[in-house]
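For reference, query14.pdb is printed below; it contains PDB, C-alpha atoms.
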```pdb
ATOM      1  CA  MET A   1      -1.010  36.069 -22.629
ATOM      2  CA  GLU A   2       0.040  39.265 -24.338
ATOM      3  CA  PHE A   3      -1.783  42.420 -23.296
ATOM      4  CA  ALA A   4      -0.094  44.540 -25.933
ATOM      5  CA  ALA A   5      -3.113  45.369 -28.039
ATOM      6  CA  LYS A   6      -3.702  49.061 -28.392
ATOM      7  CA  PRO A   7      -6.904  50.443 -26.920
ATOM      8  CA  VAL A   8      -9.850  50.477 -29.293
ATOM      9  CA  GLY A   9     -12.677  52.966 -29.096
ATOM     10  CA  HIS A  10     -16.366  52.126 -28.978
ATOM     11  CA  ARG A  11     -16.861  53.443 -32.499
ATOM     12  CA  GLN A  12     -14.117  51.231 -33.955
ATOM     13  CA  VAL A  13     -15.496  48.169 -32.181
ATOM     14  CA  LYS A  14     -18.928  48.947 -33.592
ATOM     15  CA  ASN A  15     -17.751  49.559 -37.136
ATOM     16  CA  GLN A  16     -14.790  47.177 -37.480
ATOM     17  CA  LEU A  17     -15.372  44.324 -35.054
ATOM     18  CA  PRO A  18     -14.195  41.481 -37.372
ATOM     19  CA  GLN A  19     -10.954  43.296 -38.081
ATOM     20  CA  VAL A  20     -10.387  44.158 -34.416
ATOM     21  CA  LEU A  21     -10.918  40.515 -33.432
ATOM     22  CA  ARG A  22      -8.660  39.238 -36.222
ATOM     23  CA  GLU A  23      -5.785  41.504 -35.243
ATOM     24  CA  THR A  24      -6.017  41.068 -31.503
ATOM     25  CA  VAL A  25      -8.238  38.534 -29.763
ATOM     26  CA  HIS A  26      -7.640  35.864 -32.398
ATOM     27  CA  ARG A  27      -3.921  36.288 -31.677
ATOM     28  CA  GLY A  28      -4.465  35.740 -27.987
ATOM     29  CA  MET A  29      -4.459  39.391 -26.960
ATOM     30  CA  ALA A  30      -6.875  41.240 -24.725
ATOM     31  CA  VAL A  31      -8.100  44.539 -26.098
ATOM     32  CA  PRO A  32      -8.932  47.497 -23.872
ATOM     33  CA  ILE A  33     -12.154  49.109 -25.083
ATOM     34  CA  THR A  34     -12.226  52.808 -24.413
ATOM     35  CA  ASN A  35     -14.942  55.391 -24.219
ATOM     36  CA  ARG A  36     -13.792  59.012 -24.254
ATOM     37  CA  GLY A  37     -10.269  57.862 -23.462
ATOM     38  CA  GLU A  38     -11.245  55.736 -20.438
ATOM     39  CA  VAL A  39     -11.017  51.921 -20.475
ATOM     40  CA  ASP A  40     -14.445  50.578 -19.675
ATOM     41  CA  ALA A  41     -14.153  46.973 -20.873
ATOM     42  CA  TYR A  42     -11.851  44.340 -22.349
ATOM     43  CA  LEU A  43     -12.344  42.023 -25.273
ATOM     44  CA  VAL A  44     -10.610  38.802 -24.277
ATOM     45  CA  PRO A  45     -10.012  35.421 -25.927
ATOM     46  CA  PRO A  46     -12.193  32.519 -24.702
ATOM     47  CA  GLU A  47      -9.118  30.777 -23.254
ATOM     48  CA  THR A  48      -8.589  33.710 -20.937
ATOM     49  CA  VAL A  49     -12.075  33.375 -19.530
ATOM     50  CA  GLU A  50     -11.494  29.636 -19.048
ATOM     51  CA  GLU A  51      -8.224  30.370 -17.233
ATOM     52  CA  LEU A  52      -9.945  32.872 -14.986
ATOM     53  CA  GLU A  53     -12.660  30.346 -14.222
ATOM     54  CA  ARG A  54     -10.036  27.712 -13.435
ATOM     55  CA  ALA A  55      -8.182  30.156 -11.191
ATOM     56  CA  ARG A  56     -11.426  30.918  -9.377
ATOM     57  CA  ARG A  57     -12.087  27.229  -8.804
ATOM     58  CA  LEU A  58      -8.563  26.646  -7.567
ATOM     59  CA  ARG A  59      -8.778  29.601  -5.214
ATOM     60  CA  GLU A  60     -11.941  28.087  -3.778
ATOM     61  CA  THR A  61     -10.421  24.603  -3.447
ATOM     62  CA  LEU A  62      -6.977  25.561  -2.187
ATOM     63  CA  PRO A  63      -7.922  25.788   1.524
ATOM     64  CA  LEU A  64      -9.246  22.212   1.383
ATOM     65  CA  LEU A  65      -6.077  20.956  -0.302
ATOM     66  CA  MET A  66      -3.803  22.773   2.128
ATOM     67  CA  ALA A  67      -5.764  21.404   5.087
ATOM     68  CA  ALA A  68      -5.469  17.883   3.643
ATOM     69  CA  ALA A  69      -1.715  18.277   3.205
ATOM     70  CA  ALA A  70      -1.363  19.624   6.752
ATOM     71  CA  SER A  71      -3.355  16.659   8.120
ATOM     72  CA  GLY A  72      -1.388  14.081   6.178
ATOM     73  CA  ALA A  73      -4.575  13.075   4.349
ATOM     74  CA  ALA A  74      -3.846  11.765   0.856
ATOM     75  CA  LEU A  75      -6.818  13.443  -0.772
ATOM     76  CA  PRO A  76      -6.989  12.332  -4.419
ATOM     77  CA  SER A  77      -6.005  15.614  -6.026
ATOM     78  CA  GLN A  78      -4.723  16.463  -9.443
ATOM     79  CA  THR A  79      -3.538  19.862  -8.209
ATOM     80  CA  LEU A  80      -1.508  18.454  -5.314
ATOM     81  CA  ARG A  81       0.036  15.948  -7.701
ATOM     82  CA  SER A  82       0.906  18.612 -10.254
ATOM     83  CA  LEU A  83       2.584  20.606  -7.476
ATOM     84  CA  GLY A  84       4.664  17.548  -6.605
ATOM     85  CA  ILE A  85       2.995  17.163  -3.189
ATOM     86  CA  GLU A  86       2.831  13.443  -2.522
ATOM     87  CA  ILE A  87       1.175  12.415   0.737
ATOM     88  CA  PRO A  88       1.673   8.792   1.808
ATOM     89  CA  PHE A  89      -1.639   6.920   1.750
ATOM     90  CA  ASP A  90      -3.121   6.237   5.161
ATOM     91  CA  TRP A  91      -6.802   5.271   5.031
ATOM     92  CA  GLN A  92      -7.411   6.341   8.630
ATOM     93  CA  ALA A  93      -5.963   9.820   8.138
ATOM     94  CA  LEU A  94      -7.970  10.272   4.937
ATOM     95  CA  ASN A  95     -11.215   8.950   6.435
ATOM     96  CA  ARG A  96     -10.824  11.163   9.505
ATOM     97  CA  PHE A  97     -10.153  14.178   7.312
ATOM     98  CA  THR A  98     -13.069  13.719   4.917
ATOM     99  CA  ALA A  99     -15.451  12.970   7.808
ATOM    100  CA  ARG A 100     -14.505  16.104   9.715
ATOM    101  CA  VAL A 101     -13.545  18.788   7.227
ATOM    102  CA  PRO A 102     -16.538  20.158   5.307
ATOM    103  CA  VAL A 103     -16.365  19.874   1.546
ATOM    104  CA  THR A 104     -18.781  21.031  -1.115
ATOM    105  CA  PHE A 105     -18.907  19.162  -4.380
ATOM    106  CA  THR A 106     -19.002  21.007  -7.677
ATOM    107  CA  ALA A 107     -19.554  18.097 -10.052
ATOM    108  CA  GLY A 108     -20.867  14.578 -10.202
ATOM    109  CA  GLU A 109     -18.884  11.596 -11.367
ATOM    110  CA  ASP A 110     -19.352  12.366 -15.050
ATOM    111  CA  GLY A 111     -18.736  16.086 -14.717
ATOM    112  CA  GLU A 112     -22.394  17.006 -14.459
ATOM    113  CA  PRO A 113     -23.040  19.980 -12.156
ATOM    114  CA  TRP A 114     -23.632  18.941  -8.564
ATOM    115  CA  VAL A 115     -27.125  20.080  -7.729
ATOM    116  CA  ALA A 116     -28.705  18.808  -4.525
ATOM    117  CA  MET A 117     -32.318  17.788  -5.053
ATOM    118  CA  PRO A 118     -35.019  19.941  -3.490
ATOM    119  CA  ASP A 119     -36.415  18.960  -0.137
ATOM    120  CA  ALA A 120     -39.360  16.604  -0.111
ATOM    121  CA  GLN A 121     -40.755  14.739   2.854
ATOM    122  CA  PRO A 122     -42.111  11.219   2.349
ATOM    123  CA  GLN A 123     -45.678  10.519   3.368
ATOM    124  CA  PRO A 124     -45.939   7.454   5.611
ATOM    125  CA  VAL A 125     -47.819   4.629   3.887
ATOM    126  CA  VAL A 126     -48.993   1.309   5.208
ATOM    127  CA  GLU A 127     -47.923  -1.565   3.018
ATOM    128  CA  ASP A 128     -50.460  -3.970   1.603
ATOM    129  CA  GLU A 129     -49.726  -7.327   3.238
ATOM    130  CA  THR A 130     -50.819  -9.307   0.199
ATOM    131  CA  ASP A 131     -47.831 -11.241  -1.095
ATOM    132  CA  PHE A 132     -47.168 -14.032  -3.519
ATOM    133  CA  GLU A 133     -44.177 -16.171  -4.207
ATOM    134  CA  LEU A 134     -42.931 -14.713  -7.458
TER     135      LEU A 134
ATOM    136  CA  MET B   1     -22.974  20.836   6.348
ATOM    137  CA  SER B   2     -20.685  18.885   4.100
ATOM    138  CA  ASP B   3     -21.173  16.950   0.884
ATOM    139  CA  ALA B   4     -18.642  14.331   2.020
ATOM    140  CA  TRP B   5     -19.921  10.780   1.648
ATOM    141  CA  TYR B   6     -18.552   8.913   4.601
ATOM    142  CA  LEU B   7     -18.709   8.964   8.392
ATOM    143  CA  ASP B   8     -15.722   8.655  10.627
ATOM    144  CA  ALA B   9     -14.768   4.973  10.943
ATOM    145  CA  SER B  10     -15.813   4.975  14.608
ATOM    146  CA  GLU B  11     -19.435   5.733  13.632
ATOM    147  CA  TYR B  12     -19.980   2.927  11.118
ATOM    148  CA  TYR B  13     -20.929  -0.105  13.173
ATOM    149  CA  VAL B  14     -22.994  -1.013  16.202
ATOM    150  CA  GLY B  15     -20.315  -2.016  18.686
ATOM    151  CA  THR B  16     -22.159  -4.037  21.308
ATOM    152  CA  GLY B  17     -25.648  -5.395  21.726
ATOM    153  CA  THR B  18     -25.985  -6.180  18.034
ATOM    154  CA  GLU B  19     -28.535  -8.909  18.877
ATOM    155  CA  GLU B  20     -31.021  -6.102  19.529
ATOM    156  CA  TYR B  21     -30.710  -5.038  15.917
ATOM    157  CA  PRO B  22     -32.376  -7.205  13.295
ATOM    158  CA  LEU B  23     -30.597  -7.757  10.009
ATOM    159  CA  ARG B  24     -31.045  -4.664   7.847
ATOM    160  CA  GLN B  25     -30.050  -3.248   4.521
ATOM    161  CA  GLY B  26     -26.442  -2.086   4.722
ATOM    162  CA  ASP B  27     -25.351  -4.782   7.184
ATOM    163  CA  LEU B  28     -22.370  -6.967   6.385
ATOM    164  CA  ILE B  29     -22.507 -10.728   6.188
ATOM    165  CA  ALA B  30     -19.861 -13.418   5.781
ATOM    166  CA  GLY B  31     -18.775 -13.735   2.177
ATOM    167  CA  PRO B  32     -20.825 -16.149   0.085
ATOM    168  CA  THR B  33     -19.336 -18.047  -2.819
ATOM    169  CA  VAL B  34     -20.636 -16.560  -6.045
ATOM    170  CA  GLY B  35     -19.942 -18.190  -9.380
ATOM    171  CA  GLY B  36     -17.380 -20.402  -7.679
ATOM    172  CA  GLU B  37     -15.529 -17.390  -6.290
ATOM    173  CA  PRO B  38     -15.419 -16.825  -2.539
ATOM    174  CA  TRP B  39     -16.194 -13.219  -1.556
ATOM    175  CA  ALA B  40     -14.432 -11.597   1.402
ATOM    176  CA  ALA B  41     -17.824 -10.439   2.685
ATOM    177  CA  ALA B  42     -21.080  -9.072   1.310
ATOM    178  CA  GLN B  43     -23.236  -6.050   2.036
ATOM    179  CA  VAL B  44     -26.983  -6.548   2.149
ATOM    180  CA  VAL B  45     -28.685  -4.232  -0.349
ATOM    181  CA  HIS B  46     -32.082  -5.940  -0.237
ATOM    182  CA  PRO B  47     -34.804  -3.722   1.279
ATOM    183  CA  THR B  48     -34.983  -4.177   5.046
ATOM    184  CA  CYS B  49     -38.765  -4.666   5.094
ATOM    185  CA  GLU B  50     -38.389  -7.634   2.753
ATOM    186  CA  LEU B  51     -35.708  -9.468   4.694
ATOM    187  CA  GLY B  52     -38.098 -10.899   7.252
ATOM    188  CA  LYS B  53     -40.749 -12.074   4.808
ATOM    189  CA  ARG B  54     -41.372 -15.798   4.654
ATOM    190  CA  THR B  55     -42.033 -15.605   0.935
ATOM    191  CA  LEU B  56     -38.567 -14.230   0.236
ATOM    192  CA  ARG B  57     -36.434 -16.911  -1.354
ATOM    193  CA  GLU B  58     -33.429 -14.883  -2.414
ATOM    194  CA  ALA B  59     -31.909 -11.662  -1.119
ATOM    195  CA  GLN B  60     -29.689  -9.212  -2.953
ATOM    196  CA  VAL B  61     -26.169  -8.532  -1.757
ATOM    197  CA  VAL B  62     -23.139  -6.778  -3.212
ATOM    198  CA  ARG B  63     -19.547  -7.849  -3.044
ATOM    199  CA  VAL B  64     -17.212  -6.509  -0.374
ATOM    200  CA  ARG B  65     -13.590  -6.352  -1.418
ATOM    201  CA  PRO B  66     -10.499  -5.443   0.573
ATOM    202  CA  LEU B  67      -9.013  -2.049  -0.235
ATOM    203  CA  SER B  68      -5.871  -3.920  -1.238
ATOM    204  CA  ASP B  69      -7.729  -5.127  -4.371
ATOM    205  CA  ALA B  70      -7.357  -1.590  -5.775
ATOM    206  CA  PRO B  71      -4.365  -1.256  -8.105
ATOM    207  CA  ASP B  72      -2.635   1.694  -6.399
ATOM    208  CA  ASP B  73      -2.770   4.179  -3.534
ATOM    209  CA  PHE B  74      -4.416   6.870  -5.662
ATOM    210  CA  THR B  75      -7.335   4.532  -6.377
ATOM    211  CA  ARG B  76      -7.453   3.545  -2.708
ATOM    212  CA  GLY B  77      -7.699   7.263  -1.926
ATOM    213  CA  LEU B  78     -10.667   7.562  -4.295
ATOM    214  CA  LEU B  79     -12.363   4.644  -2.560
ATOM    215  CA  VAL B  80     -11.854   6.069   0.938
ATOM    216  CA  ALA B  81     -12.869   9.642   0.040
ATOM    217  CA  GLY B  82     -15.507   8.956  -2.623
ATOM    218  CA  PHE B  83     -14.541  12.179  -4.388
ATOM    219  CA  ARG B  84     -11.540  13.772  -6.076
ATOM    220  CA  GLU B  85     -10.133  17.173  -6.859
ATOM    221  CA  GLU B  86      -9.472  17.889 -10.492
ATOM    222  CA  ASP B  87      -8.693  21.289 -11.909
ATOM    223  CA  GLY B  88     -10.215  22.929  -8.857
ATOM    224  CA  GLU B  89     -13.426  20.913  -9.181
ATOM    225  CA  ARG B  90     -14.538  18.631  -6.355
ATOM    226  CA  ARG B  91     -16.021  15.701  -8.230
ATOM    227  CA  VAL B  92     -17.734  12.525  -7.127
ATOM    228  CA  ALA B  93     -15.479   9.526  -7.701
ATOM    229  CA  VAL B  94     -16.031   5.765  -7.966
ATOM    230  CA  ALA B  95     -19.758   6.156  -7.369
ATOM    231  CA  HIS B  96     -20.234   2.394  -7.653
ATOM    232  CA  THR B  97     -18.443   1.831  -4.371
ATOM    233  CA  PHE B  98     -19.068   2.324  -0.649
ATOM    234  CA  PHE B  99     -16.118   2.582   1.708
ATOM    235  CA  LEU B 100     -16.111   0.196   4.690
ATOM    236  CA  PRO B 101     -13.583   0.536   7.496
ATOM    237  CA  PRO B 102     -12.561  -2.664   9.328
ATOM    238  CA  TRP B 103     -15.416  -4.155  11.332
ATOM    239  CA  ALA B 104     -13.206  -6.478  13.351
ATOM    240  CA  ASP B 105     -10.003  -5.775  15.228
ATOM    241  CA  GLY B 106      -7.084  -6.175  12.879
ATOM    242  CA  GLY B 107      -9.339  -6.584   9.861
ATOM    243  CA  PRO B 108      -8.611  -4.845   6.568
ATOM    244  CA  PRO B 109     -10.410  -1.726   5.320
ATOM    245  CA  CYS B 110     -12.749  -2.715   2.510
ATOM    246  CA  PHE B 111     -15.253  -1.358   0.030
ATOM    247  CA  ALA B 112     -18.528  -2.618  -1.359
ATOM    248  CA  SER B 113     -18.785  -2.776  -5.128
ATOM    249  CA  PHE B 114     -22.326  -1.938  -6.247
ATOM    250  CA  ARG B 115     -21.557  -3.347  -9.690
ATOM    251  CA  GLU B 116     -21.047  -6.832  -8.313
ATOM    252  CA  ILE B 117     -24.485  -7.843  -7.184
ATOM    253  CA  ALA B 118     -25.707 -11.345  -6.438
ATOM    254  CA  THR B 119     -28.684 -13.085  -4.963
ATOM    255  CA  ILE B 120     -28.202 -15.521  -2.123
ATOM    256  CA  PRO B 121     -30.685 -17.908  -0.481
ATOM    257  CA  ALA B 122     -33.038 -16.253   1.975
ATOM    258  CA  PRO B 123     -33.664 -15.945   4.817
ATOM    259  CA  ILE B 124     -30.138 -14.818   5.640
ATOM    260  CA  LYS B 125     -29.115 -16.450   8.909
ATOM    261  CA  ALA B 126     -28.569 -14.026  11.761
ATOM    262  CA  ARG B 127     -25.297 -15.695  12.655
ATOM    263  CA  SER B 128     -23.871 -14.967   9.221
ATOM    264  CA  ARG B 129     -23.866 -11.225   9.984
ATOM    265  CA  VAL B 130     -20.362  -9.974  10.653
ATOM    266  CA  ALA B 131     -21.236  -6.302  11.270
ATOM    267  CA  ALA B 132     -24.423  -4.400  12.041
ATOM    268  CA  THR B 133     -24.238  -0.925  10.549
ATOM    269  CA  SER B 134     -25.346   2.071  12.575
ATOM    270  CA  HIS B 135     -28.436   4.024  11.528
ATOM    271  CA  ASP B 136     -26.215   6.904  10.443
ATOM    272  CA  CYS B 137     -24.119   4.541   8.364
ATOM    273  CA  ARG B 138     -27.281   3.270   6.668
ATOM    274  CA  VAL B 139     -28.204   6.859   5.839
ATOM    275  CA  ALA B 140     -24.777   7.322   4.247
ATOM    276  CA  PHE B 141     -25.248   4.038   2.369
ATOM    277  CA  ILE B 142     -28.721   4.980   1.073
ATOM    278  CA  ARG B 143     -27.427   8.356  -0.075
ATOM    279  CA  ARG B 144     -24.560   6.778  -2.020
ATOM    280  CA  TRP B 145     -26.843   4.064  -3.434
ATOM    281  CA  LEU B 146     -29.312   6.718  -4.682
ATOM    282  CA  TYR B 147     -26.513   8.555  -6.424
ATOM    283  CA  PHE B 148     -25.111   5.404  -8.019
ATOM    284  CA  ARG B 149     -28.475   3.993  -9.098
ATOM    285  CA  PHE B 150     -30.309   7.128 -10.176
ATOM    286  CA  ARG B 151     -27.733   9.942 -10.191
ATOM    287  CA  LEU B 152     -29.869  11.744  -7.647
ATOM    288  CA  ALA B 153     -27.798  14.016  -5.446
ATOM    289  CA  PHE B 154     -29.120  14.422  -1.933
ATOM    290  CA  THR B 155     -27.450  15.729   1.171
ATOM    291  CA  PHE B 156     -26.844  13.498   4.169
ATOM    292  CA  GLU B 157     -29.258  15.663   6.151
ATOM    293  CA  GLN B 158     -32.039  15.210   3.584
ATOM    294  CA  VAL B 159     -31.748  11.422   3.599
ATOM    295  CA  ARG B 160     -31.595  11.342   7.383
ATOM    296  CA  ALA B 161     -34.739  13.480   7.600
ATOM    297  CA  TRP B 162     -36.551  10.966   5.373
ATOM    298  CA  GLU B 163     -35.326   8.061   7.450
ATOM    299  CA  ALA B 164     -36.430   9.845  10.618
ATOM    300  CA  THR B 165     -39.959  10.275   9.232
ATOM    301  CA  ARG B 166     -40.068   6.719   7.961
ATOM    302  CA  ILE B 167     -38.808   5.147  11.197
ATOM    303  CA  ALA B 168     -41.024   7.297  13.395
ATOM    304  CA  ASN B 169     -44.074   6.107  11.426
ATOM    305  CA  ASP B 170     -43.088   2.452  11.017
ATOM    306  CA  PRO B 171     -45.203   0.298  13.361
ATOM    307  CA  ALA B 172     -43.080  -2.750  12.527
ATOM    308  CA  PHE B 173     -39.762  -1.150  13.384
ATOM    309  CA  VAL B 174     -37.664  -3.440  15.572
ATOM    310  CA  GLY B 175     -34.672  -2.604  17.748
ATOM    311  CA  PRO B 176     -33.253   0.594  19.147
ATOM    312  CA  LYS B 177     -34.277   3.711  17.256
ATOM    313  CA  PRO B 178     -31.817   6.437  16.437
ATOM    314  CA  THR B 179     -32.091   9.539  18.600
ATOM    315  CA  TRP B 180     -32.975  11.627  15.552
ATOM    316  CA  ALA B 181     -36.091   9.552  14.717
ATOM    317  CA  THR B 182     -38.688  10.891  17.103
ATOM    318  CA  PRO B 183     -42.428  10.417  16.570
ATOM    319  CA  ASN B 184     -44.307  13.257  14.914
TER     320      ASN B 184
END
```
Can I see the file as structure tokens?
Amino acid sequence: MEFAAKPVGHRQVKNQLPQVLRETVHRGMAVPITNRGEVDAYLVPPETVEELERARRLRETLPLLMAAAASGAALPSQTLRSLGIEIPFDWQALNRFTARVPVTFTAGEDGEPWVAMPDAQPQPVVEDETDFEL
Amino acid sequence: MSDAWYLDASEYYVGTGTEEYPLRQGDLIAGPTVGGEPWAAAQVVHPTCELGKRTLREAQVVRVRPLSDAPDDFTRGLLVAGFREEDGERRVAVAHTFFLPPWADGGPPCFASFREIATIPAPIKARSRVAATSHDCRVAFIRRWLYFRFRLAFTFEQVRAWEATRIANDPAFVGPKPTWATPN
């Protein structure tokens, strides 16, 4: 990521946005936006935002991964793999770890956001005893 | 609170006095032969309240496979954890499975495959049960089953609260009650 773009003033952003984007952001550069000589924002490429989001997620997950590595629990982890950290599989160590170390999910199996359902208490009902053999 | 799916292995099964516990959903039975193929074991997925009915002719079970059926250690890790880390995300993994530690000394760790479902003749004989699952284990099972079947994400505590209410109000409940199911 190159941060070499020259600062651009509010007025230029307002009047020449397509040109500013073409010459900077579309080339992968972040652009400092200035107001009266002070930087008060950045225009950044979408990939940068994605990288920041990824970094945030990793920062949040890293303690769990480090704890797994320290416990010898072979947690299925793309990040540990990419770092070359291979933990020998031991089902007992992994089961003990996942049962005892709190984890919060962020996504379901298909990548859908993990959202726990709202609380609802069932009302006790008495079953009708009528039955038939079908 | 944790979103993790599974209990510690020591909390899965009723160790002694299993005769006090009637056969329930989540229990393990000796493997039936299905389509000419002998199963290592089976997990009862049929509703508990149905299992004792005289009109029941067939009960639903799912296949239990040894962990060694998985192709590699990474997959075995997915089966034991039930989730994976990917790009910083903690994602549910292999939702169609339920991890089962050994229920007998020296036995292999296994997993139930919710995709492999069969019906077997009912009533299921009490002596065919190889492991009675604890109430907490059944809560974990129900939670996983709900996610697999309906993609409904509930916490362990939510499902246990429902079970507590249900058990406390069930006049036909048989066997020892869990400590967390007290009458209203």
### Message
Just checking: using all atoms listed in the file, which residue out of B:Thr133, B:Thr182, B:Thr119, B:Thr97 ends up closest to B:Phe148?
### Response
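Ranking B:Thr133, B:Thr182, B:Thr119, B:Thr97 by distance to B:Phe148, first place goes to B:Thr97.
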### Query
When the PyMOL selection byres ((chain A and resi 44) around 12) is applied to the file above, which residues end up in the set, as a PyMOL selection string?
chain A and resi 1-3+5+20-21+24-33+41-43+45-52
### Task
Compute the chain B side of the contact with chain A at 9 Å, counting only C-alpha atoms, and hand it back as an MDAnalysis selection string.
chainID B and resid 1:9 55:57 73:78 80:81 83:95 101 109 151:155 158 161:162 165:166 169:170
### Message
I'd like the neighbourhood of B:Phe99 as a list in words, where a residue qualifies if any of its atoms comes within 7 Å (using all atoms listed in the file), though same-chain residues fewer than 4 positions away should be ignored.
### Response
Leu79, Val80, Cys110, Phe111 and Ala112 of chain B
### Task
Measure the distance from atom CA of B:Phe98 to atom CA of A:Gly84 in Å and round it to one decimal.
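Taking atom CA of B:Phe98 as the start and atom CA of A:Gly84 as the end point, the length is 28.8 Å.
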### Task
For atom CA of B:Pro171 and atom CA of B:Arg54, determine how far apart the two atoms are, in Å to one decimal place.
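Between atom CA of B:Pro171 and atom CA of B:Arg54 the gap is 18.7 Å.
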### Task
Grab the atom CA of B:Ala140 to atom CA of B:Cys49 distance for me, in Å with one decimal place.
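The value is 18.4 Å.
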Can you tell me, as JSON, the centre and edge lengths (Å, one decimal) of the axis-aligned box enclosing all of stretch 36-52 of chain B's listed atoms after padding each side by 6 Å?
```
{"center_x": -26.6, "center_y": -12.1, "center_z": -0.2, "size_x": 36.3, "size_y": 28.7, "size_z": 26.9}
```
Please build the interface table for stretch 52-114 of chain B against stretch 14-36 of chain B with a cut-off of 10 Å, listing for each qualifying residue the nearest atom pair and the distance in Å to one decimal; count only C-alpha atoms, order rows by chain and increasing number, and write it as JSON lines.
```
{"residue": "B:Gly52", "atom": "CA", "partner": "B:Leu23", "partner_atom": "CA", "distance": 8.6}
{"residue": "B:Gln60", "atom": "CA", "partner": "B:Gln25", "partner_atom": "CA", "distance": 9.6}
{"residue": "B:Val61", "atom": "CA", "partner": "B:Ile29", "partner_atom": "CA", "distance": 9.0}
{"residue": "B:Val62", "atom": "CA", "partner": "B:Leu28", "partner_atom": "CA", "distance": 9.6}
{"residue": "B:Arg63", "atom": "CA", "partner": "B:Gly31", "partner_atom": "CA", "distance": 7.9}
{"residue": "B:Val64", "atom": "CA", "partner": "B:Gly31", "partner_atom": "CA", "distance": 7.8}
{"residue": "B:Arg65", "atom": "CA", "partner": "B:Gly31", "partner_atom": "CA", "distance": 9.7}
{"residue": "B:Leu100", "atom": "CA", "partner": "B:Leu28", "partner_atom": "CA", "distance": 9.7}
{"residue": "B:Trp103", "atom": "CA", "partner": "B:Leu28", "partner_atom": "CA", "distance": 9.0}
{"residue": "B:Ala104", "atom": "CA", "partner": "B:Gly15", "partner_atom": "CA", "distance": 9.9}
{"residue": "B:Ala112", "atom": "CA", "partner": "B:Leu28", "partner_atom": "CA", "distance": 9.7}
```
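If all atoms listed in the file are the atoms counted, then among B:Arg160, B:Lys53, B:Tyr147, B:Asp136 the closest residue to A:Thr130 is B:Lys53.
Of the residues listed (B:Pro108, B:Gly175, B:Gly82, B:Pro123), B:Pro123 shows the shortest atom-to-atom separation from B:His46; distances use all atoms listed in the file.
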Could I see stretch 58-71 of chain B restored to N, CA and C atoms, set down as a PDB file, keeping the file's coordinate frame?
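Dumped to out17.pdb:
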```pdb
ATOM      1  N   GLU B  58     -34.798 -15.341  -2.141  1.00  0.00           N
ATOM      2  CA  GLU B  58     -33.429 -14.883  -2.414  1.00  0.00           C
ATOM      3  C   GLU B  58     -33.310 -13.421  -2.021  1.00  0.00           C
ATOM      4  N   ALA B  59     -32.144 -13.051  -1.521  1.00  0.00           N
ATOM      5  CA  ALA B  59     -31.909 -11.662  -1.119  1.00  0.00           C
ATOM      6  C   ALA B  59     -30.702 -11.121  -1.895  1.00  0.00           C
ATOM      7  N   GLN B  60     -30.757  -9.828  -2.153  1.00  0.00           N
ATOM      8  CA  GLN B  60     -29.689  -9.212  -2.953  1.00  0.00           C
ATOM      9  C   GLN B  60     -28.563  -8.694  -2.064  1.00  0.00           C
ATOM     10  N   VAL B  61     -27.357  -9.013  -2.470  1.00  0.00           N
ATOM     11  CA  VAL B  61     -26.169  -8.532  -1.757  1.00  0.00           C
ATOM     12  C   VAL B  61     -25.150  -8.042  -2.789  1.00  0.00           C
ATOM     13  N   VAL B  62     -24.235  -7.195  -2.329  1.00  0.00           N
ATOM     14  CA  VAL B  62     -23.139  -6.778  -3.212  1.00  0.00           C
ATOM     15  C   VAL B  62     -21.813  -7.218  -2.604  1.00  0.00           C
ATOM     16  N   ARG B  63     -20.848  -7.324  -3.466  1.00  0.00           N
ATOM     17  CA  ARG B  63     -19.547  -7.849  -3.044  1.00  0.00           C
ATOM     18  C   ARG B  63     -18.767  -6.838  -2.209  1.00  0.00           C
ATOM     19  N   VAL B  64     -18.132  -7.331  -1.167  1.00  0.00           N
ATOM     20  CA  VAL B  64     -17.212  -6.509  -0.374  1.00  0.00           C
ATOM     21  C   VAL B  64     -15.796  -6.984  -0.687  1.00  0.00           C
ATOM     22  N   ARG B  65     -14.984  -6.041  -1.077  1.00  0.00           N
ATOM     23  CA  ARG B  65     -13.590  -6.352  -1.418  1.00  0.00           C
ATOM     24  C   ARG B  65     -12.649  -5.618  -0.482  1.00  0.00           C
ATOM     25  N   PRO B  66     -11.486  -6.195  -0.214  1.00  0.00           N
ATOM     26  CA  PRO B  66     -10.499  -5.443   0.573  1.00  0.00           C
ATOM     27  C   PRO B  66      -9.943  -4.287  -0.251  1.00  0.00           C
ATOM     28  N   LEU B  67      -9.580  -3.226   0.442  1.00  0.00           N
ATOM     29  CA  LEU B  67      -9.013  -2.049  -0.235  1.00  0.00           C
ATOM     30  C   LEU B  67      -7.758  -2.432  -1.033  1.00  0.00           C
ATOM     31  N   SER B  68      -7.109  -3.485  -0.570  1.00  0.00           N
ATOM     32  CA  SER B  68      -5.871  -3.920  -1.238  1.00  0.00           C
ATOM     33  C   SER B  68      -6.141  -4.463  -2.641  1.00  0.00           C
ATOM     34  N   ASP B  69      -7.404  -4.700  -2.996  1.00  0.00           N
ATOM     35  CA  ASP B  69      -7.729  -5.127  -4.371  1.00  0.00           C
ATOM     36  C   ASP B  69      -7.527  -3.986  -5.362  1.00  0.00           C
ATOM     37  N   ALA B  70      -7.539  -2.736  -4.871  1.00  0.00           N
ATOM     38  CA  ALA B  70      -7.357  -1.590  -5.775  1.00  0.00           C
ATOM     39  C   ALA B  70      -5.908  -1.577  -6.267  1.00  0.00           C
ATOM     40  N   PRO B  71      -5.701  -1.119  -7.496  1.00  0.00           N
ATOM     41  CA  PRO B  71      -4.365  -1.256  -8.105  1.00  0.00           C
ATOM     42  C   PRO B  71      -3.283  -0.357  -7.504  1.00  0.00           C
TER      43      PRO B  71
END
```
